[in-house]
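**Q** Below: one structure in structure tokens.
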Amino acid sequence: MNPHLAEAWLGLCEAHDENGDSAGLGAALGRARAAVDELGADHRLQVDVRYWEAILAATARRLAETERALDRALAIAKTESAYDHAIQLKVRHTLGTLYRAQQRYDEAEALFESLLPEVARRLSLRHERYSLVLHSFARVRRTQGRWREAEAMLAEALEGVQRSRGREALATAAVLNDLGLVVRDLGRTDEARGYFVQALEIAQRALPWAHSTVGHYVNNLASLFCDRGQYSDAEPLHRRALEIHRATHGPRSPQVALALNNVAHCVAWQGRHLEADALYEDALETVSSATDVNLDILALVLSNLGDLKTAEGDLSAAERHDRRAIEDRTTFQGPDVPDLVWPLRRLADLRRTRLDLDDAEHCLQRAMAICKSAKQRYDGILDDLAALYGQRGMRSQAEGFAAQAQAQRSALPTRHTN
């Protein structure tokens, strides 16, 4: 078997991946695997096959399978017959992105911190891989609430990706989109809108109208309008994203459930509670009926339903939705995942409303322990604890928590608003 044929099929895998064509990636990978197997079990291209197996599994959110494929790729890449610094760095980079997706932030942070200088030493600071790793590391920093660091990393990554792939590349759009998210976190919403629009325009020129990436960028722009209270501007964009995801993923997919949730959220803020309730219930049924339930989306829908029920004065229903979100995440992901923080804070707020202050404090202490373990900021939880102790009439303790919250915020960059 000629290795050039196998390399051609692997090149097609990369092309399909860049275009977000998972079906094309799967077909090309099958042909590449057959070609590489004829070259031998220890051939260097086996690393690439395992790498693309991992990417395909990650696209379908089969994260355990992704990790197994990456570990196998890394093991082959370290053997004498297949030793290649560049592919090792590529596989380790992808492993770091997997850790982030699994909320294993300490491991992701450690891997990227060791990987960046190694990429610089072996490939150079101007190599595309350096910019791509920097982009991934910035995503971890954003998750940790270290927005200024993330913004600086993304600005450097943008320059590198534009240099290596061009201003119209989808990789450029991805960095622009993440810059939009970070500056939105910093309160610079006008600037965030500019980044989101640039990312969307690139994606619309490069991809079909019904593509998940286009839908994702439309959603981010719509969510920004929601953040600014411009719900009438946000609603048609959220409905457009819903149409895209229905055409791309089918009517009962997790992506459609998320889009339904976003339309419902926008409608609820415009005071159309009955319509919002029906949309949330549709979203809940859609995500719950999937073979592989997406817990992120399920918890989000449950939390938003809880918000709606609270607004309607139905605190029992609101609490029921929040407890289900916590129980589902704990059952399937474990007791200490960062995604538990928000529903725990919401449940604590409901318990405070119903004067069950001990249970409220337990929820907040659990949320704070999770944040500390994940190296995430928790000044908001300290504010919640200050309010709780104020409700108990314990003034000195309330002031102590408030002071801790202010000290933590003072250590962070100033948040600006437009």
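Just so we're on the same page: first chain in the structure tokens is A, next is B, and so on; residues restart at 1 for each chain, and ligands are numbered from 1 in the order they show up.
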Which residues are close to A:Ala35, i.e. within 9 Å by only C-alpha atoms, leaving aside same-chain residues fewer than 5 positions away? Reply as a ChimeraX atom specification.
**A** /A:1-3,5-7,9,30
**Q** Could you give me, as a VMD selection string, the residues within 9 Å of A:Ala259, counting only C-alpha atoms and dropping anything in the same chain fewer than 6 positions from it?
**A** chain A and resid 219 238 to 239 241 to 243 245 283
**Q** Could you produce a table of the residues of stretch 293-341 of chain A lying within 9 Å of stretch 96-104 of chain A, with the nearest pair of atoms per residue and their separation in Å rounded to one decimal, using only C-alpha atoms, ordered by chain and increasing residue number, as a Markdown table?
**A**
```
| residue | atom | partner | partner_atom | distance |
| --- | --- | --- | --- | --- |
| A:Val337 | CA | A:Gln103 | CA | 7.0 |
| A:Pro338 | CA | A:Gln103 | CA | 7.2 |
| A:Asp339 | CA | A:Gln103 | CA | 8.5 |
```
**Q** I want to know what sits within 10 Å of A:Glu65, based on only C-alpha atoms, with residues of the same chain fewer than 3 positions away left out; could you give that as a list in words?
**A**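 Here the qualifying residues turn out to be Glu53, Ala54, Ile55, Leu56, Ala57, Ala58, Arg61, Arg62, Arg68, Ala69, Leu70 and Asp71 of chain A.
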**Q** Go ahead and save the residues from that selection, with C-alpha atoms, as a short mmCIF file (atom, residue, chain, number, x, y, z; two decimals), in the first residue's frame.
**A**
```cif
data_model
loop_
_atom_site.label_atom_id
_atom_site.label_comp_id
_atom_site.auth_asym_id
_atom_site.auth_seq_id
_atom_site.Cartn_x
_atom_site.Cartn_y
_atom_site.Cartn_z
CA GLU A 53 -11.09 8.62 15.90
CA ALA A 54 -10.83 10.80 18.99
CA ILE A 55 -12.06 13.90 17.16
CA LEU A 56 -15.04 12.02 15.73
CA ALA A 57 -15.94 10.66 19.18
CA ALA A 58 -15.60 14.13 20.70
CA ARG A 61 -19.68 13.93 22.93
CA ARG A 62 -18.48 10.37 23.60
CA ARG A 68 -9.10 6.25 25.11
CA ALA A 69 -8.32 7.10 21.48
CA LEU A 70 -6.06 9.99 22.47
CA ASP A 71 -4.18 7.88 25.00
#
```
**Q** Within 12 Å of A:Val140, counting only C-alpha atoms, which residues show up once you throw out same-chain ones fewer than 5 positions away? Write them as a count of residues only, please.
**A** 34
**Q** List as a list in words the protein and nucleic acid residues near stretch 227-230 of chain A, meaning an atom at most 10 Å away when only C-alpha atoms are counted, but skip any in the same chain fewer than 2 places from it.
**A** Arg184, Gly187, Thr189, Asp190, Leu221, Ala222, Ser223, Leu224, Phe225, Ser232, Asp233, Ala234, Glu235, Cys266, Trp269 and Gln270 of chain A
**Q** I need the residues in stretch 251-400 of chain A that are helix (DSSP H, G or I) according to DSSP; give them as a ChimeraX atom specification.
**A** /A:254-269,273-288,295-311,315-333,338-353,357-373,379-391,395-400
**Q** If we count only C-alpha atoms, what is near A:Asp349 at a cut-off of 12 Å, once residues fewer than 2 positions away on the same chain are taken out, given as a ChimeraX atom specification?
**A** /A:306-307,310,315,318-319,322,342-347,351-364,381,383-385,387-388,391
**Q** Check the smallest atom-to-atom distance from each of A:Ala257, A:Ala169, A:Leu298, A:Ala75 to A:Ala206 using only C-alpha atoms, then report the winner.
**A**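 Closest to A:Ala206, using only C-alpha atoms: A:Ala169.
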**Q** To one decimal in Å, tell me the separation between atom CA of A:Tyr195 and atom CA of A:Leu179.
**A**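 The value is 6.7 Å.
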**Q** Residues at most 12 Å from A:Val287, counting only C-alpha atoms, excluding those fewer than 3 positions away in the same chain, as a list in words?
**A**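 Surrounding residues, per the criterion: Pro251, Arg252, Ser253, Pro254, Gln255, Val256, Ala257, Leu258, Ala259, Leu260, Asn261, Tyr280, Glu281, Asp282, Ala283, Leu284, Ala290, Thr291, Asp292, Val293, Asn294, Leu295, Asp296, Ile297, Leu298, Ala299, Leu300, Val301 and Leu302 of chain A.
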**Q** For atom CA of A:His127 and atom CA of A:Glu18, quote the distance in Å rounded to one decimal.
**A**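 Pair atom CA of A:His127 / atom CA of A:Glu18 returns 18.2 Å.
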**Q** What does the structure give for the distance between atom CA of A:Ile76 and atom CA of A:Asp42, in Å to one decimal?
**A**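 It comes out at 7.4 Å.
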**Q** Calculated over only C-alpha atoms, which of the candidates A:Thr94, A:Gln404, A:Gln88, A:Ser303 has the smallest distance to A:Leu63?
**A** A:Thr94
**Q** Let me make sure I understand: among A:Ala173, A:Ala8, A:Ala192, A:Leu158, which one has the smallest atom-to-atom distance to A:Leu207 if we use only C-alpha atoms?
**A**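 The closest residue to A:Leu207 is A:Ala173.
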